[in-house]
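Undergrad: Here it is, the structure, as structure tokens.
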Amino acid sequence: MKNPLVSAVRALAVRRNASKSKTAFVPLAKLHSVCVIVDADHPDSQNCADFVTAFFSKCGIALSLYAITLAKEPVSIKGATMITSRDISIFGLPRKGRKHPQVNLSTDLFINLTAGTVFAADYCAICSAARMKVGRVNPRRGTYDLLILNSETYTQSEVFKEMSSIMLRIR
């Protein structure tokens, strides 16, 4: 059962900090920066991070890669900024401050590869001012422009490969 206090604090934070910028499908040629969040607790997270890095370097787009983990013994992902349970408050919101990594929410493209298990990633998607947002599970209506549904049985790498093939077709 969910704690009603946690739900109320989350709802207040979303209402207060939700982005009001308009989003739409944008071709990759018109994008300059991207923020990608992966779930570091999945076994293929390093493969996914490598594939994401290679894809966006080939496209010439600046990448900010973040890996969220809630495990007690966090696994390090090469090339990603780690966001651990110490960087997330008891309400599931990202902590603010110099000691904690801040997700870059002012990029042109925001991609959330977590399967909706971490509220902090969904919160970053809601608050992002990106021109285009891509995700797997919709935390609230109208958050993502491109949504890959029924992707729970697939790995993050497989989902990103599908997302990238769709994004390459946008003109």
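By order in the structure tokens, chains are A, B, ...; within a chain, residues start at 1; ligands start at 1, following the order shown.
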Can you pull out every residue from chain A that DSSP, working from the backbone, puts in strand (DSSP E or B), and format the result as a PDB file with N, CA and C atoms, in the first residue's frame?
TA:
ATOM      1  N   SER A  33      21.418  18.503 -28.108  1.00  0.00           N
ATOM      2  CA  SER A  33      21.772  17.868 -26.840  1.00  0.00           C
ATOM      3  C   SER A  33      20.675  16.887 -26.438  1.00  0.00           C
ATOM      4  N   VAL A  34      21.099  15.847 -25.718  1.00  0.00           N
ATOM      5  CA  VAL A  34      20.162  14.812 -25.288  1.00  0.00           C
ATOM      6  C   VAL A  34      20.503  14.384 -23.864  1.00  0.00           C
ATOM      7  N   CYS A  35      19.470  14.079 -23.084  1.00  0.00           N
ATOM      8  CA  CYS A  35      19.618  13.530 -21.742  1.00  0.00           C
ATOM      9  C   CYS A  35      18.980  12.145 -21.755  1.00  0.00           C
ATOM     10  N   VAL A  36      19.739  11.136 -21.348  1.00  0.00           N
ATOM     11  CA  VAL A  36      19.248   9.755 -21.320  1.00  0.00           C
ATOM     12  C   VAL A  36      19.407   9.221 -19.903  1.00  0.00           C
ATOM     13  N   ILE A  37      18.333   8.619 -19.392  1.00  0.00           N
ATOM     14  CA  ILE A  37      18.362   7.994 -18.072  1.00  0.00           C
ATOM     15  C   ILE A  37      18.160   6.499 -18.260  1.00  0.00           C
ATOM     16  N   VAL A  38      19.104   5.705 -17.733  1.00  0.00           N
ATOM     17  CA  VAL A  38      19.000   4.245 -17.779  1.00  0.00           C
ATOM     18  C   VAL A  38      18.885   3.709 -16.355  1.00  0.00           C
ATOM     19  N   ASP A  39      18.358   2.508 -16.242  1.00  0.00           N
ATOM     20  CA  ASP A  39      18.239   1.840 -14.952  1.00  0.00           C
ATOM     21  C   ASP A  39      19.474   0.964 -14.761  1.00  0.00           C
ATOM     22  N   ALA A  62      25.329  16.088 -28.440  1.00  0.00           N
ATOM     23  CA  ALA A  62      25.937  16.050 -27.112  1.00  0.00           C
ATOM     24  C   ALA A  62      25.059  15.233 -26.166  1.00  0.00           C
ATOM     25  N   LEU A  63      25.678  14.304 -25.432  1.00  0.00           N
ATOM     26  CA  LEU A  63      24.946  13.366 -24.587  1.00  0.00           C
ATOM     27  C   LEU A  63      25.221  13.611 -23.115  1.00  0.00           C
ATOM     28  N   SER A  64      24.151  13.630 -22.321  1.00  0.00           N
ATOM     29  CA  SER A  64      24.233  13.596 -20.864  1.00  0.00           C
ATOM     30  C   SER A  64      23.590  12.281 -20.441  1.00  0.00           C
ATOM     31  N   LEU A  65      24.399  11.330 -19.970  1.00  0.00           N
ATOM     32  CA  LEU A  65      23.925   9.996 -19.636  1.00  0.00           C
ATOM     33  C   LEU A  65      23.904   9.822 -18.128  1.00  0.00           C
ATOM     34  N   TYR A  66      22.766   9.384 -17.600  1.00  0.00           N
ATOM     35  CA  TYR A  66      22.596   9.172 -16.170  1.00  0.00           C
ATOM     36  C   TYR A  66      22.128   7.746 -15.929  1.00  0.00           C
ATOM     37  N   ALA A  67      22.620   7.125 -14.874  1.00  0.00           N
ATOM     38  CA  ALA A  67      22.212   5.781 -14.489  1.00  0.00           C
ATOM     39  C   ALA A  67      21.678   5.833 -13.060  1.00  0.00           C
ATOM     40  N   ILE A  68      20.426   5.426 -12.897  1.00  0.00           N
ATOM     41  CA  ILE A  68      19.782   5.437 -11.581  1.00  0.00           C
ATOM     42  C   ILE A  68      19.832   4.037 -10.993  1.00  0.00           C
ATOM     43  N   THR A  81      26.756   9.257 -15.343  1.00  0.00           N
ATOM     44  CA  THR A  81      26.728   9.855 -14.021  1.00  0.00           C
ATOM     45  C   THR A  81      25.769   9.031 -13.176  1.00  0.00           C
ATOM     46  N   MET A  82      26.267   8.509 -12.069  1.00  0.00           N
ATOM     47  CA  MET A  82      25.462   7.630 -11.226  1.00  0.00           C
ATOM     48  C   MET A  82      24.584   8.441 -10.278  1.00  0.00           C
ATOM     49  N   ILE A  83      23.326   8.048 -10.198  1.00  0.00           N
ATOM     50  CA  ILE A  83      22.388   8.611  -9.233  1.00  0.00           C
ATOM     51  C   ILE A  83      21.976   7.450  -8.337  1.00  0.00           C
ATOM     52  N   ILE A  88      18.509  10.428  -3.829  1.00  0.00           N
ATOM     53  CA  ILE A  88      17.053  10.461  -3.967  1.00  0.00           C
ATOM     54  C   ILE A  88      16.459  10.558  -2.570  1.00  0.00           C
ATOM     55  N   PRO A  94      14.588  13.668  -6.717  1.00  0.00           N
ATOM     56  CA  PRO A  94      16.039  13.901  -6.731  1.00  0.00           C
ATOM     57  C   PRO A  94      16.410  15.000  -5.731  1.00  0.00           C
ATOM     58  N   LEU A 109      16.392  16.865 -26.252  1.00  0.00           N
ATOM     59  CA  LEU A 109      15.736  15.559 -26.277  1.00  0.00           C
ATOM     60  C   LEU A 109      15.927  14.890 -24.920  1.00  0.00           C
ATOM     61  N   PHE A 110      14.846  14.314 -24.380  1.00  0.00           N
ATOM     62  CA  PHE A 110      14.901  13.607 -23.105  1.00  0.00           C
ATOM     63  C   PHE A 110      14.426  12.182 -23.340  1.00  0.00           C
ATOM     64  N   ILE A 111      15.248  11.189 -22.938  1.00  0.00           N
ATOM     65  CA  ILE A 111      14.894   9.785 -23.103  1.00  0.00           C
ATOM     66  C   ILE A 111      14.968   9.103 -21.746  1.00  0.00           C
ATOM     67  N   ASN A 112      13.872   8.455 -21.359  1.00  0.00           N
ATOM     68  CA  ASN A 112      13.801   7.713 -20.109  1.00  0.00           C
ATOM     69  C   ASN A 112      13.679   6.234 -20.453  1.00  0.00           C
ATOM     70  N   MET A 132      11.507  17.392 -27.222  1.00  0.00           N
ATOM     71  CA  MET A 132      10.931  16.086 -27.506  1.00  0.00           C
ATOM     72  C   MET A 132      11.276  15.148 -26.359  1.00  0.00           C
ATOM     73  N   LYS A 133      10.285  14.341 -25.928  1.00  0.00           N
ATOM     74  CA  LYS A 133      10.488  13.404 -24.830  1.00  0.00           C
ATOM     75  C   LYS A 133      10.091  12.005 -25.297  1.00  0.00           C
ATOM     76  N   VAL A 134      10.924  11.024 -24.908  1.00  0.00           N
ATOM     77  CA  VAL A 134      10.713   9.638 -25.306  1.00  0.00           C
ATOM     78  C   VAL A 134      10.789   8.772 -24.053  1.00  0.00           C
ATOM     79  N   GLY A 135       9.873   7.793 -23.929  1.00  0.00           N
ATOM     80  CA  GLY A 135       9.887   6.946 -22.750  1.00  0.00           C
ATOM     81  C   GLY A 135       9.232   5.608 -22.971  1.00  0.00           C
ATOM     82  N   LEU A 146       6.940  10.263 -27.799  1.00  0.00           N
ATOM     83  CA  LEU A 146       7.105   8.922 -28.349  1.00  0.00           C
ATOM     84  C   LEU A 146       7.147   7.956 -27.171  1.00  0.00           C
ATOM     85  N   LEU A 147       6.206   7.005 -27.168  1.00  0.00           N
ATOM     86  CA  LEU A 147       6.066   6.080 -26.058  1.00  0.00           C
ATOM     87  C   LEU A 147       6.108   4.663 -26.605  1.00  0.00           C
TER      88      LEU A 147
END
Undergrad: Near A:Pro27, within 12 Å and counting only C-alpha atoms, which residues show up once chain neighbours fewer than 3 positions away are dropped, as a ChimeraX atom specification?
TA: /A:24,30-32,59,61,108-109,131-132,164,166-171
Undergrad: Save out the residues we just selected, all heavy atoms, as a compact mmCIF listing (two decimals), in the first residue's frame.
TA:
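Saved as part12.txt:
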# COMPACT_ATOMS: atom_id res chain seq x y z
N ALA A 24 7.08 18.21 -29.19
CA ALA A 24 6.61 17.67 -30.47
C ALA A 24 7.70 16.76 -31.02
O ALA A 24 8.81 16.69 -30.50
CB ALA A 24 6.32 18.80 -31.45
N LYS A 30 17.92 18.35 -36.08
CA LYS A 30 17.67 19.65 -35.44
C LYS A 30 17.94 19.63 -33.94
O LYS A 30 17.71 20.62 -33.27
CB LYS A 30 16.23 20.08 -35.70
CG LYS A 30 15.95 20.37 -37.15
CD LYS A 30 14.57 20.92 -37.33
CE LYS A 30 14.34 21.25 -38.81
NZ LYS A 30 13.02 21.83 -39.04
N LEU A 31 18.43 18.51 -33.43
CA LEU A 31 18.72 18.40 -32.00
C LEU A 31 20.21 18.58 -31.74
O LEU A 31 21.04 18.14 -32.53
CB LEU A 31 18.27 17.03 -31.49
CG LEU A 31 16.79 16.71 -31.61
CD1 LEU A 31 16.50 15.29 -31.19
CD2 LEU A 31 15.96 17.68 -30.80
N HIS A 32 20.54 19.24 -30.63
CA HIS A 32 21.93 19.49 -30.28
C HIS A 32 22.37 18.79 -29.00
O HIS A 32 23.55 18.54 -28.82
CB HIS A 32 22.16 21.00 -30.13
CG HIS A 32 21.80 21.77 -31.35
ND1 HIS A 32 22.49 21.69 -32.53
CD2 HIS A 32 20.78 22.63 -31.58
CE1 HIS A 32 21.92 22.46 -33.44
NE2 HIS A 32 20.88 23.04 -32.88
N CYS A 59 25.61 10.50 -34.38
CA CYS A 59 24.69 11.55 -34.84
C CYS A 59 25.23 12.95 -34.59
O CYS A 59 24.67 13.93 -35.09
CB CYS A 59 23.34 11.41 -34.14
SG CYS A 59 22.42 9.94 -34.60
N ILE A 61 25.40 14.51 -31.56
CA ILE A 61 24.55 15.15 -30.55
C ILE A 61 25.23 14.98 -29.19
O ILE A 61 25.66 13.89 -28.82
CB ILE A 61 23.14 14.52 -30.55
CG1 ILE A 61 22.47 14.71 -31.91
CG2 ILE A 61 22.28 15.12 -29.46
CD1 ILE A 61 21.14 13.99 -32.06
N ASP A 108 17.60 19.25 -25.58
CA ASP A 108 16.61 19.25 -26.66
C ASP A 108 15.79 17.97 -26.69
O ASP A 108 14.64 17.97 -27.13
CB ASP A 108 17.30 19.41 -28.02
CG ASP A 108 17.94 20.78 -28.18
OD1 ASP A 108 17.45 21.74 -27.57
OD2 ASP A 108 18.94 20.88 -28.91
N LEU A 109 16.39 16.87 -26.25
CA LEU A 109 15.74 15.56 -26.28
C LEU A 109 15.93 14.89 -24.92
O LEU A 109 17.02 14.91 -24.36
CB LEU A 109 16.34 14.68 -27.38
CG LEU A 109 15.91 13.22 -27.48
CD1 LEU A 109 14.42 13.12 -27.81
CD2 LEU A 109 16.72 12.51 -28.54
N ARG A 131 12.48 19.63 -26.01
CA ARG A 131 11.58 19.83 -27.14
C ARG A 131 10.88 18.54 -27.54
O ARG A 131 9.81 18.56 -28.13
CB ARG A 131 12.36 20.37 -28.33
CG ARG A 131 12.91 21.78 -28.06
CD ARG A 131 13.91 22.24 -29.09
NE ARG A 131 13.53 21.99 -30.46
CZ ARG A 131 14.38 22.05 -31.47
NH1 ARG A 131 15.64 22.35 -31.25
NH2 ARG A 131 13.98 21.81 -32.69
N MET A 132 11.51 17.39 -27.22
CA MET A 132 10.93 16.09 -27.51
C MET A 132 11.28 15.15 -26.36
O MET A 132 12.40 15.15 -25.87
CB MET A 132 11.47 15.53 -28.82
CG MET A 132 10.92 14.19 -29.21
SD MET A 132 11.57 13.70 -30.83
CE MET A 132 11.06 12.00 -30.86
N SER A 164 15.55 4.30 -31.40
CA SER A 164 16.47 4.96 -32.32
C SER A 164 16.05 4.74 -33.77
O SER A 164 16.16 5.66 -34.58
CB SER A 164 17.90 4.46 -32.10
OG SER A 164 17.99 3.07 -32.34
N ILE A 166 13.00 4.44 -34.81
CA ILE A 166 11.84 5.33 -35.03
C ILE A 166 12.31 6.77 -35.14
O ILE A 166 11.85 7.53 -36.01
CB ILE A 166 10.82 5.16 -33.90
CG1 ILE A 166 10.20 3.77 -33.97
CG2 ILE A 166 9.73 6.22 -33.99
CD1 ILE A 166 9.34 3.41 -32.77
N MET A 167 13.23 7.20 -34.26
CA MET A 167 13.70 8.59 -34.28
C MET A 167 14.45 8.92 -35.57
O MET A 167 14.42 10.05 -36.03
CB MET A 167 14.58 8.88 -33.07
CG MET A 167 13.81 8.95 -31.78
SD MET A 167 14.79 9.47 -30.36
CE MET A 167 15.92 8.11 -30.18
N LEU A 168 15.13 7.92 -36.16
CA LEU A 168 15.83 8.17 -37.42
C LEU A 168 14.85 8.41 -38.58
O LEU A 168 15.20 9.06 -39.56
CB LEU A 168 16.74 6.98 -37.77
CG LEU A 168 18.02 6.87 -36.94
CD1 LEU A 168 18.72 5.55 -37.21
CD2 LEU A 168 18.94 8.05 -37.23
N ARG A 169 13.62 7.90 -38.46
CA ARG A 169 12.63 8.07 -39.52
C ARG A 169 11.86 9.38 -39.42
O ARG A 169 11.12 9.72 -40.35
CB ARG A 169 11.63 6.92 -39.47
CG ARG A 169 12.24 5.63 -39.96
CD ARG A 169 11.18 4.56 -40.07
NE ARG A 169 11.69 3.39 -39.36
CZ ARG A 169 10.99 2.61 -38.58
NH1 ARG A 169 9.72 2.83 -38.40
NH2 ARG A 169 11.54 1.59 -37.98
N ILE A 170 12.00 10.12 -38.33
CA ILE A 170 11.28 11.38 -38.17
C ILE A 170 11.93 12.43 -39.07
O ILE A 170 13.12 12.68 -39.01
CB ILE A 170 11.29 11.85 -36.70
CG1 ILE A 170 10.58 10.84 -35.82
CG2 ILE A 170 10.66 13.23 -36.56
CD1 ILE A 170 10.69 11.12 -34.35
N ARG A 171 11.15 13.04 -39.92
CA ARG A 171 11.65 14.08 -40.83
C ARG A 171 11.00 15.40 -40.57
O ARG A 171 9.94 15.68 -40.41
CB ARG A 171 11.39 13.68 -42.29
CG ARG A 171 12.07 12.40 -42.68
CD ARG A 171 13.53 12.65 -42.97
NE ARG A 171 14.17 11.37 -43.21
CZ ARG A 171 15.36 11.08 -42.84
NH1 ARG A 171 16.10 11.95 -42.20
NH2 ARG A 171 15.90 9.93 -43.10
Undergrad: Have a look at atom CA of A:Asp41 and atom CA of A:Thr69 and let me know their distance in Å, one decimal.
TA: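 Interatomic distance here is 5.7 Å.
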Undergrad: Closest to A:Glu158 among A:Leu28, A:Ala49, A:Ala129, A:Ala121, using only C-alpha atoms?
TA: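 Answer, going by the shortest atom-to-atom distance: A:Ala49.
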Undergrad: Restricting the calculation to only C-alpha atoms, which member of A:Asp44, A:Ala120, A:Lys99, A:Met163 is positioned closest to A:Arg136?
TA: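 Checking each candidate against A:Arg136, we get A:Met163 as the closest.
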